[in-house]
2 protein chains.
Amino acid sequence: MFVVKIGGSRGINLDYVLEDLARQTEPVVLVHGASDELNRISEQLGKPPRMVTSPSGYTSRYTDRETLDIFAMVYCGKLNTRIVEKLQQFGVNAVGLSGVDGRLLEGRRKPSIRIVEEGKTKVLHDDFTGKVEKANAGLLRLLLDAGYLPVISPLAISHEREAINVDGDRAAAVIANALGADRLIILSNTPGFLKDVNDESSLVRELSREGIAQAIETYAQGRMKKKLLGAQEALDEGVKEVVLADGRTPGCITAALGGQGTVIKATKEG
Amino acid sequence: MFVVKIGGSRGINLDYVLEDLARQTEPVVLVHGASDELNRISEQLGKPPRMVTSPSGYTSRYTDRETLDIFAMVYCGKLNTRIVEKLQQFGVNAVGLSGVDGRLLEGRRKPSIRIVEEGKTKVLHDDFTGKVEKANAGLLRLLLDAGYLPVISPLAISHEREAINVDGDRAAAVIANALGADRLIILSNTPGFLKDVNDESSLVRELSREGIAQAIETYAQGRMKKKLLGAQEALDEGVKEVVLADGRTPGCITAALGGQGTVIKATKEG
């Protein structure tokens, strides 16, 4: 079996992804983003997004309780429902869940976060973000064994039982590990990991587990840092292969399974 | 086992309902509304609600595709997630779903609806509302048997595999019947069925199955018409007892199970 993460950035073609997903014969779990739509609806609701950067250079969305409600509306309500509906149209019996459902994704809420803004380090409180630590494999297997395809929004539940916003790539990695999945495919709006973010011909076709840290250090920018970190964590915990692939083209999942994109393997010999 | 429907009107106390739900020992399925919150967020998004009345006097929400997306955001995203999170805080392992998930609720989309506006009958198209016909009892039992409490948003999937807005009371009745539940408890912001909607002392404590049609004809207004119709349909299809009860007070589910509210029984001897 394998796990697919679809990013929520502009350019990703949901129809191409889901149509190709419907063609697969192996069991699949799908994790989705919705960042672009979330930004749009947050603006509409008069609560524009506030992106913050940690001292080590990772960006994240500052998520107070109001933002968390909007996050849940867009991810679980709009995108998850839309994906499940489309999969049903493609003949797949999908079931949408977030990590709050059945404590599917449990994690640690960060009581405060350190950010760098205008060169200064600040501490923010009332932030409902966190780090996924555990997936409820039992619930996923219950659904998979009954023939359902789980579609997961990256909300998790904290140890204090609050809903928290978590990173979707990491959520997908934790799910892949919990299920003993061989492969994790991360689809975004680029052909894979690019040495130069503005040059699609700079695609790195293969990356070793050992090469990830250096790639993060040397080339990766913004979201790609998190994707590579998620890939590293997935490999560390038992996934054999992570593919960073293009979610903008027809047949993109089949292509990724065939080795298109950036293939990152746990062992050198593959 | 029994099924509980919580209305989405102002005044219903979600904490009271969910805290009392956590005390119950029988398996439960919860169906929820969110109409008040939906109106609020629709206004905020610049798409104010349009309520329409059928020639036979039933009111419903005109639901074009944009309204359907907002419906899904508020019901599945905001309210369902909030309810599941609160139940988790009360120690209940809840799982939120809509009728689109696993084709949990299937129904017929109305290709067009007839409405009465300013005394004239009109026909509206592009409306995504419909009537629930069938519930996927297998999926609900799968979750119940594994110890999860299903929390259902009243979206359904049409025979053409489109998401549709359906009546929550009717959805609860169809679920109760599919599961062979003995009782259906419908909680709203009144003590039950009132002969005079402005006088809580006019509560009807018992209503026979045969008395429903007359009650609809003679006394019921607005939403209560649909609630009574839902009760009638539930009884017609096998539920033994429907209780219309008050969702504003502590211990409201225990009270309803003890006979508070309007009790409608399938047989006169009970």
# chains A, B, ... in the order shown; residues from 1 in each chain; ligands from 1
$ interface_residues --of "chain B" --to "chain A" --cutoff "6 Å" --atoms "only C-alpha atoms" --output "list of chain:residue names"
B:Asp69, B:Ala72, B:Met73, B:Cys76, B:Gly77, B:Lys78, B:Gln89, B:Asn93, B:Ala94, B:Val95, B:Gly96, B:Asp101, B:Gly102, B:Arg161
$ residues_around --residues "region 255-270 of chain A" --least-positions-apart "3" --cutoff "10 Å" --atoms "only C-alpha atoms" --output "JSON, numbers by chain"
{"A": [2, 20, 183, 184, 185, 186, 187, 190, 191, 192, 193, 194, 203, 204, 205, 206, 207, 208, 209, 210, 211, 212, 228, 231, 232, 234, 235, 236, 237, 238, 239, 240, 241, 242, 243, 244, 245, 246, 247, 249, 250, 251, 252]}
$ select_by_dssp --residues "region 15-245 of chain A" --states "alpha helix (DSSP H)" --output "ChimeraX atom specification"
/A:15-23,35-44,65-72,80-89,137-145,168-179,211-218,223-236
$ residues_around --residues "Thr129 (chain B)" --least-positions-apart "5" --cutoff "10 Å" --atoms "only C-alpha atoms" --output "PDB file with N, CA and C atoms, in the first residue's frame"
ATOM      1  N   SER B  60     -37.297  25.860   3.263  1.00  0.00           N
ATOM      2  CA  SER B  60     -35.972  25.249   3.110  1.00  0.00           C
ATOM      3  C   SER B  60     -34.991  26.302   2.609  1.00  0.00           C
ATOM      4  N   ARG B  61     -33.722  25.941   2.638  1.00  0.00           N
ATOM      5  CA  ARG B  61     -32.661  26.864   2.248  1.00  0.00           C
ATOM      6  C   ARG B  61     -32.331  26.647   0.787  1.00  0.00           C
ATOM      7  N   TYR B  62     -32.470  27.700  -0.030  1.00  0.00           N
ATOM      8  CA  TYR B  62     -32.071  27.596  -1.437  1.00  0.00           C
ATOM      9  C   TYR B  62     -30.563  27.425  -1.469  1.00  0.00           C
ATOM     10  N   THR B  63     -30.105  26.342  -2.095  1.00  0.00           N
ATOM     11  CA  THR B  63     -28.706  25.930  -2.007  1.00  0.00           C
ATOM     12  C   THR B  63     -28.087  25.800  -3.388  1.00  0.00           C
ATOM     13  N   ASP B  64     -27.541  26.895  -3.908  1.00  0.00           N
ATOM     14  CA  ASP B  64     -26.767  26.770  -5.145  1.00  0.00           C
ATOM     15  C   ASP B  64     -25.389  26.221  -4.778  1.00  0.00           C
ATOM     16  N   LEU B  68     -23.764  25.506  -1.122  1.00  0.00           N
ATOM     17  CA  LEU B  68     -23.425  24.137  -0.706  1.00  0.00           C
ATOM     18  C   LEU B  68     -22.006  24.084  -0.131  1.00  0.00           C
ATOM     19  N   GLY B 107     -29.453   9.997  -1.414  1.00  0.00           N
ATOM     20  CA  GLY B 107     -30.776  10.575  -1.623  1.00  0.00           C
ATOM     21  C   GLY B 107     -30.970  11.064  -3.029  1.00  0.00           C
ATOM     22  N   ARG B 108     -32.159  11.597  -3.260  1.00  0.00           N
ATOM     23  CA  ARG B 108     -32.536  12.076  -4.572  1.00  0.00           C
ATOM     24  C   ARG B 108     -32.404  13.587  -4.589  1.00  0.00           C
ATOM     25  N   ARG B 109     -31.624  14.095  -5.533  1.00  0.00           N
ATOM     26  CA  ARG B 109     -31.563  15.541  -5.715  1.00  0.00           C
ATOM     27  C   ARG B 109     -32.806  15.996  -6.450  1.00  0.00           C
ATOM     28  N   LYS B 110     -33.399  17.080  -5.984  1.00  0.00           N
ATOM     29  CA  LYS B 110     -34.563  17.633  -6.683  1.00  0.00           C
ATOM     30  C   LYS B 110     -34.049  18.452  -7.865  1.00  0.00           C
ATOM     31  N   PRO B 111     -34.377  18.043  -9.085  1.00  0.00           N
ATOM     32  CA  PRO B 111     -33.839  18.767 -10.246  1.00  0.00           C
ATOM     33  C   PRO B 111     -34.322  20.221 -10.295  1.00  0.00           C
ATOM     34  N   SER B 112     -35.479  20.447  -9.760  1.00  0.00           N
ATOM     35  CA  SER B 112     -35.957  21.831  -9.645  1.00  0.00           C
ATOM     36  C   SER B 112     -36.910  21.880  -8.457  1.00  0.00           C
ATOM     37  N   ILE B 113     -37.056  23.042  -7.846  1.00  0.00           N
ATOM     38  CA  ILE B 113     -37.992  23.160  -6.730  1.00  0.00           C
ATOM     39  C   ILE B 113     -39.015  24.255  -7.010  1.00  0.00           C
ATOM     40  N   LEU B 155     -25.325  16.312   5.122  1.00  0.00           N
ATOM     41  CA  LEU B 155     -25.091  16.409   3.694  1.00  0.00           C
ATOM     42  C   LEU B 155     -25.322  14.993   3.200  1.00  0.00           C
ATOM     43  N   ALA B 156     -25.860  14.836   2.008  1.00  0.00           N
ATOM     44  CA  ALA B 156     -26.009  13.491   1.451  1.00  0.00           C
ATOM     45  C   ALA B 156     -25.367  13.472   0.083  1.00  0.00           C
ATOM     46  N   SER B 158     -26.112  12.406  -3.912  1.00  0.00           N
ATOM     47  CA  SER B 158     -27.230  12.094  -4.818  1.00  0.00           C
ATOM     48  C   SER B 158     -26.918  10.857  -5.645  1.00  0.00           C
ATOM     49  N   ALA B 163     -22.879  16.152  -3.967  1.00  0.00           N
ATOM     50  CA  ALA B 163     -23.233  16.461  -2.586  1.00  0.00           C
ATOM     51  C   ALA B 163     -24.522  17.285  -2.579  1.00  0.00           C
ATOM     52  N   ILE B 164     -25.436  16.952  -1.682  1.00  0.00           N
ATOM     53  CA  ILE B 164     -26.686  17.715  -1.567  1.00  0.00           C
ATOM     54  C   ILE B 164     -26.986  18.031  -0.097  1.00  0.00           C
ATOM     55  N   ASN B 165     -27.653  19.132   0.105  1.00  0.00           N
ATOM     56  CA  ASN B 165     -28.125  19.584   1.415  1.00  0.00           C
ATOM     57  C   ASN B 165     -29.437  18.865   1.722  1.00  0.00           C
ATOM     58  N   VAL B 166     -29.480  18.176   2.862  1.00  0.00           N
ATOM     59  CA  VAL B 166     -30.710  17.451   3.225  1.00  0.00           C
ATOM     60  C   VAL B 166     -31.168  17.833   4.625  1.00  0.00           C
ATOM     61  N   ASP B 167     -32.401  17.527   4.915  1.00  0.00           N
ATOM     62  CA  ASP B 167     -32.967  17.848   6.223  1.00  0.00           C
ATOM     63  C   ASP B 167     -32.359  16.938   7.303  1.00  0.00           C
TER      64      ASP B 167
END
$ residues_around --residues "Gly119 (chain A)" --least-positions-apart "2" --cutoff "12 Å" --atoms "only C-alpha atoms" --output "PyMOL selection string"
chain A and resi 53-55+115-117+121-122
$ write_last_selection --atoms "N, CA and C atoms" --output "PDB file, in the first residue's frame"
ATOM      1  N   THR A  53       7.915  32.889  10.759  1.00  0.00           N
ATOM      2  CA  THR A  53       9.134  32.124  10.469  1.00  0.00           C
ATOM      3  C   THR A  53       9.870  31.833  11.768  1.00  0.00           C
ATOM      4  N   SER A  54      10.225  30.574  11.973  1.00  0.00           N
ATOM      5  CA  SER A  54      10.945  30.180  13.187  1.00  0.00           C
ATOM      6  C   SER A  54      12.410  30.595  13.069  1.00  0.00           C
ATOM      7  N   PRO A  55      13.136  30.653  14.216  1.00  0.00           N
ATOM      8  CA  PRO A  55      14.565  31.023  14.157  1.00  0.00           C
ATOM      9  C   PRO A  55      15.374  30.098  13.230  1.00  0.00           C
ATOM     10  N   ILE A 115       9.307  33.130  17.069  1.00  0.00           N
ATOM     11  CA  ILE A 115       9.354  33.547  15.667  1.00  0.00           C
ATOM     12  C   ILE A 115      10.367  34.675  15.484  1.00  0.00           C
ATOM     13  N   VAL A 116      10.785  34.850  14.246  1.00  0.00           N
ATOM     14  CA  VAL A 116      11.654  35.982  13.918  1.00  0.00           C
ATOM     15  C   VAL A 116      10.868  36.918  13.010  1.00  0.00           C
ATOM     16  N   GLU A 117      10.750  38.167  13.433  1.00  0.00           N
ATOM     17  CA  GLU A 117      10.004  39.162  12.656  1.00  0.00           C
ATOM     18  C   GLU A 117      10.802  40.453  12.643  1.00  0.00           C
ATOM     19  N   THR A 121      13.568  38.304  17.545  1.00  0.00           N
ATOM     20  CA  THR A 121      12.915  37.079  18.004  1.00  0.00           C
ATOM     21  C   THR A 121      11.780  37.457  18.959  1.00  0.00           C
ATOM     22  N   LYS A 122      10.597  36.876  18.675  1.00  0.00           N
ATOM     23  CA  LYS A 122       9.433  37.146  19.522  1.00  0.00           C
ATOM     24  C   LYS A 122       8.839  35.813  19.967  1.00  0.00           C
TER      25      LYS A 122
END
$ atom_distance --atom1 "CA of Gly57 (chain B)" --atom2 "CA of Val174 (chain B)"
22.4 Å
$ residues_around --residues "region 23-35 of chain A" --least-positions-apart "2" --cutoff "9 Å" --atoms "only C-alpha atoms" --output "number ranges by chain"
A: 1-10, 18-21, 37-40, 71, 74-75, 79-80, 83, 140, 144-145, 147-154, 167-169, 171-172, 175-176, 253-254
$ select_by_dssp --residues "region 98-224 of chain B" --states "strand (DSSP E)" --output "compact mmCIF listing (two decimals) with C-alpha atoms, in the first residue's frame"
# COMPACT_ATOMS: atom_id res chain seq x y z
CA SER B 98 -21.06 13.67 6.48
CA LEU B 105 -26.59 9.08 3.30
CA GLU B 106 -27.90 8.61 -0.23
CA GLY B 107 -30.78 10.58 -1.62
CA ARG B 108 -32.54 12.08 -4.57
CA ARG B 109 -31.56 15.54 -5.72
CA ILE B 113 -37.99 23.16 -6.73
CA ARG B 114 -41.32 24.97 -6.71
CA ILE B 115 -41.55 27.86 -4.30
CA VAL B 116 -44.09 30.49 -3.36
CA GLU B 117 -42.77 34.04 -3.22
CA LYS B 120 -46.59 33.64 -6.84
CA THR B 121 -45.38 30.13 -7.59
CA LYS B 122 -41.90 30.03 -9.10
CA VAL B 123 -39.52 27.28 -10.17
CA LEU B 124 -35.88 27.36 -9.08
CA GLY B 130 -32.66 16.63 -1.84
CA LYS B 131 -34.32 13.92 0.16
CA VAL B 132 -32.44 11.22 2.07
CA GLU B 133 -33.60 7.76 1.07
CA LYS B 134 -31.00 5.37 2.42
CA ALA B 135 -28.30 5.17 5.11
CA LEU B 149 -19.51 7.45 18.33
CA PRO B 150 -20.45 8.67 14.82
CA VAL B 151 -21.27 12.39 14.53
CA ILE B 152 -23.09 13.08 11.27
CA SER B 153 -23.50 16.29 9.24
CA LEU B 155 -25.09 16.41 3.69
CA ALA B 156 -26.01 13.49 1.45
CA ILE B 157 -24.83 12.18 -1.88
CA SER B 158 -27.23 12.09 -4.82
CA ALA B 163 -23.23 16.46 -2.59
CA ILE B 164 -26.69 17.72 -1.57
CA ASN B 165 -28.13 19.58 1.41
CA ARG B 183 -35.58 5.70 19.98
CA LEU B 184 -34.91 8.93 18.18
CA ILE B 185 -34.43 12.06 20.29
CA ILE B 186 -34.74 15.40 18.50
CA LEU B 187 -33.36 18.27 20.57
CA SER B 188 -34.22 21.85 19.75
CA GLU B 206 -47.80 12.84 24.30
CA LEU B 207 -48.80 12.55 20.70
CA SER B 208 -50.08 9.45 18.97
